[in-house]
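So this one's entry21.cif, mmCIF, C-alpha atoms:
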data_run
loop_
_atom_site.label_atom_id
_atom_site.label_comp_id
_atom_site.auth_asym_id
_atom_site.auth_seq_id
_atom_site.Cartn_x
_atom_site.Cartn_y
_atom_site.Cartn_z
CA MET A 1 51.74 88.63 94.69
CA LEU A 2 54.26 86.06 95.86
CA ILE A 3 56.08 83.77 93.43
CA PRO A 4 58.50 81.14 94.80
CA LEU A 5 62.02 81.29 93.40
CA THR A 6 64.20 78.31 92.63
CA ARG A 7 67.37 77.93 94.64
CA GLN A 8 69.40 78.56 91.51
CA LYS A 9 67.66 81.86 90.83
CA PHE A 10 67.99 82.91 94.48
CA GLU A 11 71.74 82.24 94.50
CA GLN A 12 72.06 84.35 91.35
CA LEU A 13 70.24 87.23 93.01
CA ILE A 14 72.28 87.02 96.23
CA PRO A 15 75.75 85.74 95.28
CA ARG A 16 78.18 83.99 97.58
CA ILE A 17 81.02 86.42 96.86
CA ALA A 18 80.48 90.15 97.24
CA THR A 19 79.58 92.12 94.12
CA ALA A 20 81.25 95.41 93.18
CA GLU A 21 78.31 97.34 94.66
CA GLN A 22 78.46 95.36 97.90
CA TYR A 23 82.24 95.85 98.05
CA GLN A 24 81.79 99.61 97.70
CA PHE A 25 79.22 99.62 100.50
CA ALA A 26 81.40 97.52 102.83
CA ALA A 27 84.47 99.63 102.05
CA GLY A 28 82.79 102.57 103.75
CA LYS A 29 84.23 106.06 103.89
CA PHE A 30 87.77 107.39 104.28
CA PRO A 31 87.92 106.80 108.09
CA ASP A 32 87.02 103.14 107.47
CA LEU A 33 89.88 102.85 104.98
CA LEU A 34 92.29 104.34 107.52
CA ARG A 35 91.10 101.86 110.11
CA ARG A 36 91.78 98.94 107.77
CA LEU A 37 95.20 100.36 106.88
CA LEU A 38 96.06 100.52 110.58
CA ILE A 39 95.04 96.87 111.00
CA SER A 40 97.21 95.95 108.00
CA VAL A 41 100.23 97.74 109.45
CA VAL A 42 99.77 96.12 112.85
CA GLY A 43 99.46 92.71 111.20
CA VAL A 44 102.65 93.16 109.19
CA VAL A 45 104.56 94.36 112.28
CA ALA A 46 103.28 91.38 114.29
CA VAL A 47 104.49 88.96 111.59
CA TRP A 48 107.87 90.72 111.45
CA ILE A 49 108.30 90.44 115.24
CA LEU A 50 107.34 86.76 115.08
CA LYS A 51 109.97 86.21 112.41
CA LEU A 52 112.60 87.82 114.64
CA ILE A 53 111.58 85.58 117.52
CA LEU A 54 112.02 82.53 115.34
CA PHE A 55 115.47 83.86 114.27
CA GLY A 56 114.50 83.72 110.61
CA ALA A 57 113.98 79.95 110.61
CA SER A 58 113.75 78.88 107.00
CA ALA A 59 111.10 76.29 107.82
CA PHE A 60 108.66 79.08 108.66
CA SER A 61 109.82 81.79 106.28
CA GLY A 62 107.43 80.89 103.46
CA PHE A 63 104.49 80.56 105.84
CA LEU A 64 105.25 83.87 107.56
CA PHE A 65 105.65 85.62 104.22
CA ALA A 66 102.19 84.42 103.16
CA ILE A 67 100.64 85.51 106.45
CA GLY A 68 102.38 88.88 106.20
CA ALA A 69 101.12 89.40 102.65
CA ILE A 70 97.55 88.55 103.66
CA ALA A 71 97.71 90.87 106.67
CA GLY A 72 99.29 93.66 104.64
CA LEU A 73 96.50 93.53 102.08
CA TYR A 74 93.67 93.46 104.60
CA TRP A 75 92.77 97.03 103.67
CA LEU A 76 91.96 95.72 100.19
CA TRP A 77 90.26 92.35 100.79
CA GLY A 78 88.54 93.19 104.08
CA PRO A 79 85.36 94.58 102.46
CA VAL A 80 85.03 91.41 100.35
CA LEU A 81 85.10 89.30 103.51
CA TRP A 82 82.56 91.35 105.47
CA ALA A 83 80.16 91.74 102.53
CA SER A 84 80.37 88.01 101.74
CA LEU A 85 79.63 87.16 105.39
CA ARG A 86 76.61 89.44 105.24
CA ASN A 87 75.42 87.65 102.10
CA ALA A 88 75.88 84.32 103.87
CA GLU A 89 73.44 85.40 106.59
CA TYR A 90 70.70 85.60 103.95
CA ARG A 91 71.81 82.61 101.87
CA LYS A 92 71.31 80.30 104.86
CA TYR A 93 67.54 80.49 104.36
CA GLN A 94 66.29 77.58 102.32
CA TYR A 95 63.38 79.19 100.46
CA SER A 96 62.73 82.51 98.80
CA GLY A 97 60.10 84.27 96.76
CA PHE A 98 59.58 87.28 94.52
CA TRP A 99 57.13 89.59 96.32
CA ARG A 100 55.11 92.40 94.80
CA GLY A 101 52.86 94.66 96.83
CA ARG A 102 52.34 98.34 97.49
CA VAL A 103 53.65 101.09 99.68
CA LEU A 104 51.15 101.58 102.51
CA ASP A 105 52.88 104.37 104.39
CA VAL A 106 56.00 106.55 104.16
CA PHE A 107 57.58 108.54 106.97
CA VAL A 108 60.96 109.88 108.08
CA SER A 109 62.55 109.33 111.49
CA GLU A 110 65.75 110.36 113.23
CA ASP A 111 67.43 107.32 114.73
CA LEU A 112 70.40 107.04 117.06
CA ILE A 113 73.23 105.27 115.20
CA GLY A 114 75.97 105.74 117.78
CA SER A 115 77.42 107.94 120.49
CA GLU A 116 80.82 109.40 121.32
CA GLU A 117 82.36 110.58 124.57
CA THR A 118 84.21 113.87 124.43
CA VAL A 119 85.35 116.62 126.76
CA ASN A 120 84.02 120.17 126.48
CA ASN A 121 85.89 123.42 127.16
CA LYS A 122 85.16 123.15 130.88
CA GLY A 123 86.70 119.70 131.14
CA ASP A 124 83.36 117.97 131.61
CA LEU A 125 82.67 114.61 129.97
CA VAL A 126 79.97 114.99 127.34
CA ILE A 127 78.22 112.27 125.37
CA VAL A 128 77.50 113.28 121.79
CA GLU A 129 74.75 111.33 120.05
CA ASN A 130 75.05 110.63 116.33
CA ARG A 131 71.64 110.60 114.71
CA GLU A 132 70.67 109.87 111.13
CA ARG A 133 67.52 110.67 109.20
CA ARG A 134 66.05 107.44 107.90
CA LEU A 135 63.26 106.56 105.53
CA ASN A 136 60.61 104.16 106.81
CA LEU A 137 58.36 102.23 104.44
CA GLU A 138 55.37 100.13 105.40
CA LEU A 139 54.65 97.59 102.68
CA GLY A 140 51.74 95.23 102.21
CA ASP A 141 49.76 93.15 99.72
CA GLU A 142 46.25 91.83 99.15
CA THR A 143 46.81 88.82 101.44
CA GLY A 144 47.24 91.02 104.51
CA PHE A 145 51.00 90.56 104.74
CA THR A 146 52.79 93.70 105.95
CA THR A 147 56.38 94.53 106.74
CA GLU A 148 58.49 97.60 107.44
CA VAL A 149 61.75 98.53 105.74
CA GLN A 150 64.14 101.22 106.94
CA ALA A 151 67.06 102.81 105.10
CA PRO A 152 69.19 105.98 105.20
CA LEU A 153 67.24 108.88 103.71
CA LYS A 154 68.26 110.04 100.23
CA ARG A 155 67.05 112.96 98.16
CA ASN A 156 65.29 110.85 95.54
CA HIS A 157 63.25 109.09 98.23
CA GLN A 158 60.87 112.06 98.10
CA LEU A 159 59.39 110.45 94.98
CA ILE A 160 57.98 107.57 97.04
CA THR A 161 54.30 107.94 97.94
CA PRO A 162 51.68 105.54 99.32
CA GLY A 163 50.09 103.38 96.66
CA LEU A 164 53.20 102.80 94.55
CA ILE A 165 54.07 99.25 93.56
CA ALA A 166 57.01 97.81 95.52
CA GLU A 167 58.99 94.64 94.85
CA MET A 168 61.56 92.64 96.79
CA VAL A 169 62.75 89.14 97.63
CA VAL A 170 61.47 87.51 100.81
CA LEU A 171 63.22 84.67 102.66
CA SER A 172 61.86 81.81 104.71
CA ASN A 173 62.69 78.39 106.09
CA ARG A 174 59.23 77.14 105.14
CA ALA A 175 58.59 75.74 101.68
CA ASP A 176 55.17 77.44 101.48
CA LEU A 177 56.71 80.81 102.47
CA GLY A 178 54.08 80.98 105.20
CA THR A 179 56.47 82.73 107.57
CA ILE A 180 58.75 85.45 106.24
CA ALA A 181 62.04 85.70 108.14
CA LYS A 182 63.92 88.34 106.14
CA VAL A 183 63.35 90.78 103.29
CA THR A 184 65.87 92.34 100.92
CA ASP A 185 66.19 95.66 99.12
CA VAL A 186 62.93 97.26 97.98
CA TYR A 187 62.52 98.22 94.34
CA ILE A 188 60.04 100.87 93.18
CA PRO A 189 59.55 100.16 89.44
CA LYS A 190 57.74 103.40 88.58
CA HIS A 191 60.76 105.53 89.49
CA ASP A 192 63.46 102.84 89.01
CA LEU A 193 64.34 103.50 92.63
CA TRP A 194 65.93 101.32 95.32
CA VAL A 195 65.50 101.51 99.07
CA SER A 196 67.97 99.55 101.16
CA ASP A 197 70.37 99.67 104.06
CA TYR A 198 72.63 97.19 102.24
CA PRO A 199 72.51 96.11 98.56
CA TYR A 200 71.77 92.40 98.99
CA LEU A 201 70.48 91.85 95.45
CA GLN A 202 72.21 91.89 92.10
CA ARG A 203 69.99 94.68 90.94
CA ASN A 204 70.30 94.28 87.18
CA MET A 205 69.29 90.65 87.47
CA PHE A 206 66.39 91.49 89.78
CA THR A 207 64.98 94.14 87.45
CA GLU A 208 65.21 91.67 84.55
CA THR A 209 63.30 89.11 86.61
CA SER A 210 60.71 91.74 87.53
CA GLN A 211 60.22 92.75 83.90
CA ARG A 212 59.80 89.15 82.76
CA LEU A 213 57.18 88.49 85.41
CA ARG A 214 55.28 91.65 84.48
CA ASN A 215 55.38 90.72 80.81
CA GLY A 216 54.23 87.21 81.69
CA GLN A 217 51.23 88.57 83.56
CA LYS A 218 50.26 90.85 80.68
CA SER A 219 50.46 88.01 78.15
CA GLN A 220 48.16 85.72 80.14
CA PRO A 221 44.62 85.74 78.68
CA ARG A 222 41.79 86.62 81.01
CA ARG A 223 39.31 83.87 81.78
CA ARG A 224 35.64 84.55 82.28
CA THR A 225 35.11 81.48 84.43
CA GLN A 226 37.12 80.55 87.49
CA LYS A 227 38.15 77.04 88.37
CA LYS A 228 37.14 75.69 91.74
CA ASN A 229 40.62 74.39 92.47
CA ARG A 230 43.34 76.99 92.56
CA PRO A 231 46.37 75.96 90.46
CA ARG A 232 49.69 75.59 92.15
CA THR A 233 52.13 78.47 91.88
CA GLN A 234 54.97 77.71 89.51
CA GLN A 235 58.49 78.42 90.64
CA TYR A 236 60.49 80.92 88.63
#

Mind turning this structure into structure tokens?
Amino acid sequence: MLIPLTRQKFEQLIPRIATAEQYQFAAGKFPDLLRRLLISVVGVVAVWILKLILFGASAFSGFLFAIGAIAGLYWLWGPVLWASLRNAEYRKYQYSGFWRGRVLDVFVSEDLIGSEETVNNKGDLVIVENRERRLNLELGDETGFTTEVQAPLKRNHQLITPGLIAEMVVLSNRADLGTIAKVTDVYIPKHDLWVSDYPYLQRNMFTETSQRLRNGQKSQPRRRTQKKNRPRTQQY
């Protein structure tokens, strides 16, 4: 099932400014915080040196103070910037749709996410590979459309089995959604479970939309006869 979404609904599901959940994801772990703190310190020091070069010129003091404050707080607002830029990559697509299909296959893989160079006890240079176990889902529907979604493996992912209903938002630059360019987080309604590498969607709003569409389908009376002309799909 594929139901086109209005632009207004799409922008509600993927906001321009990062949500609290997206901020938490972009903030990362403690080493990421330390890295941002280091950038903030370097920025403040650079502004201070520039002020000394200008001999404290009053004409630039207000401007330099503002720049110094912005740089000093980078550790705090940095995740908002990077998450909002990530949202913008998806918001550039003109059309979107609510997609419902099923899980066709589930498997786990170990993928290389980075490498580090270090020196062992003998003084030899050694490359250490950082690998992560990831969940892979193959999704499809009755039209023959299939796609694969990958995300870091979590303990509750063991509940996902082939045949379960899966929902997500698909993005396209074609009004008929004939070509899907991107897909978002995957929602498994039976277990109230999300699969994603990044939380693109406002999840409470998406689940409300999903529930309304399911209720709408249940309330539609069944017809014994079929019309020759297929009605146009209404936008939600």

Contacts of Gly97 (chain A) at 12 Å (only C-alpha atoms; same-chain gap of 2+ positions) as a PyMOL selection string:
chain A and resi 1-7+9-10+13+93-95+99-100+167-184+206+209-210+233-236

Selection in question (the file shown): the PyMOL selection byres ((chain A and resi 39-46) around 6). Which residues does it include, as a list in words?
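Given this file, the PyMOL selection byres ((chain A and resi 39-46) around 6) evaluates to Arg36, Leu37, Leu38, Val47, Trp48, Ile49, Gly68, Ala71, Gly72 and Tyr74 of chain A.
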
Just the selected residues (C-alpha atoms), exported as a PDB file, in the frame of the given file, please.
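Result saved to part_17.pdb:
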ATOM      1  CA  ARG A  36      91.780  98.940 107.770  1.00  0.00           C
ATOM      2  CA  LEU A  37      95.200 100.360 106.880  1.00  0.00           C
ATOM      3  CA  LEU A  38      96.060 100.520 110.580  1.00  0.00           C
ATOM      4  CA  VAL A  47     104.490  88.960 111.590  1.00  0.00           C
ATOM      5  CA  TRP A  48     107.870  90.720 111.450  1.00  0.00           C
ATOM      6  CA  ILE A  49     108.300  90.440 115.240  1.00  0.00           C
ATOM      7  CA  GLY A  68     102.380  88.880 106.200  1.00  0.00           C
ATOM      8  CA  ALA A  71      97.710  90.870 106.670  1.00  0.00           C
ATOM      9  CA  GLY A  72      99.290  93.660 104.640  1.00  0.00           C
ATOM     10  CA  TYR A  74      93.670  93.460 104.600  1.00  0.00           C
TER      11      TYR A  74
END

For Val80 (chain A), the nearest of the candidates A:Phe145, A:Phe65, A:Phe107, A:Tyr23, counting only C-alpha atoms
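Of A:Phe145, A:Phe65, A:Phe107, A:Tyr23, the one nearest Val80 (chain A), counting only C-alpha atoms, is A:Tyr23.
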
Residues at most 9 Å from Glu132 (chain A), counting only C-alpha atoms, excluding those fewer than 4 positions away in the same chain, as number ranges by chain?
A: 109-113, 152-153

For CA of Gly140 (chain A) and CA of Gln8 (chain A), quote the distance in Å rounded to one decimal.
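Interatomic distance, CA of Gly140 (chain A) to CA of Gln8 (chain A): 26.5 Å.
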
Quick check, in Å to one decimal: how far apart do CA of Ile70 (chain A) and CA of Ala88 (chain A) lie?
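Distance reported for this atom pair: 22.1 Å.
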
Given the file shown, determine the residues that the PyMOL selection byres ((chain A and resi 187-196) around 10) selects; report them as a PyMOL selection string.
chain A and resi 100+102-103+135-137+149-154+156-157+159-160+164-169+184-186+197-201+203+206-207+210-211

Write out, as a PDB file, keeping the file's coordinate frame, the residues just selected, with C-alpha atoms.
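Result file is out35.pdb:
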ATOM      1  CA  ARG A 100      55.110  92.400  94.800  1.00  0.00           C
ATOM      2  CA  ARG A 102      52.340  98.340  97.490  1.00  0.00           C
ATOM      3  CA  VAL A 103      53.650 101.090  99.680  1.00  0.00           C
ATOM      4  CA  LEU A 135      63.260 106.560 105.530  1.00  0.00           C
ATOM      5  CA  ASN A 136      60.610 104.160 106.810  1.00  0.00           C
ATOM      6  CA  LEU A 137      58.360 102.230 104.440  1.00  0.00           C
ATOM      7  CA  VAL A 149      61.750  98.530 105.740  1.00  0.00           C
ATOM      8  CA  GLN A 150      64.140 101.220 106.940  1.00  0.00           C
ATOM      9  CA  ALA A 151      67.060 102.810 105.100  1.00  0.00           C
ATOM     10  CA  PRO A 152      69.190 105.980 105.200  1.00  0.00           C
ATOM     11  CA  LEU A 153      67.240 108.880 103.710  1.00  0.00           C
ATOM     12  CA  LYS A 154      68.260 110.040 100.230  1.00  0.00           C
ATOM     13  CA  ASN A 156      65.290 110.850  95.540  1.00  0.00           C
ATOM     14  CA  HIS A 157      63.250 109.090  98.230  1.00  0.00           C
ATOM     15  CA  LEU A 159      59.390 110.450  94.980  1.00  0.00           C
ATOM     16  CA  ILE A 160      57.980 107.570  97.040  1.00  0.00           C
ATOM     17  CA  LEU A 164      53.200 102.800  94.550  1.00  0.00           C
ATOM     18  CA  ILE A 165      54.070  99.250  93.560  1.00  0.00           C
ATOM     19  CA  ALA A 166      57.010  97.810  95.520  1.00  0.00           C
ATOM     20  CA  GLU A 167      58.990  94.640  94.850  1.00  0.00           C
ATOM     21  CA  MET A 168      61.560  92.640  96.790  1.00  0.00           C
ATOM     22  CA  VAL A 169      62.750  89.140  97.630  1.00  0.00           C
ATOM     23  CA  THR A 184      65.870  92.340 100.920  1.00  0.00           C
ATOM     24  CA  ASP A 185      66.190  95.660  99.120  1.00  0.00           C
ATOM     25  CA  VAL A 186      62.930  97.260  97.980  1.00  0.00           C
ATOM     26  CA  ASP A 197      70.370  99.670 104.060  1.00  0.00           C
ATOM     27  CA  TYR A 198      72.630  97.190 102.240  1.00  0.00           C
ATOM     28  CA  PRO A 199      72.510  96.110  98.560  1.00  0.00           C
ATOM     29  CA  TYR A 200      71.770  92.400  98.990  1.00  0.00           C
ATOM     30  CA  LEU A 201      70.480  91.850  95.450  1.00  0.00           C
ATOM     31  CA  ARG A 203      69.990  94.680  90.940  1.00  0.00           C
ATOM     32  CA  PHE A 206      66.390  91.490  89.780  1.00  0.00           C
ATOM     33  CA  THR A 207      64.980  94.140  87.450  1.00  0.00           C
ATOM     34  CA  SER A 210      60.710  91.740  87.530  1.00  0.00           C
ATOM     35  CA  GLN A 211      60.220  92.750  83.900  1.00  0.00           C
TER      36      GLN A 211
END

Would you compute the distance between CA of Phe63 (chain A) and CA of Lys51 (chain A)? Give it in Å to one decimal.
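So the answer is 10.3 Å.
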
Among the residues A:Gln158, A:Asn204, A:Ser61, A:Gln22, the one that comes closest to Arg86 (chain A) [using all atoms listed in the file]:
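The closest residue to Arg86 (chain A) is A:Gln22.
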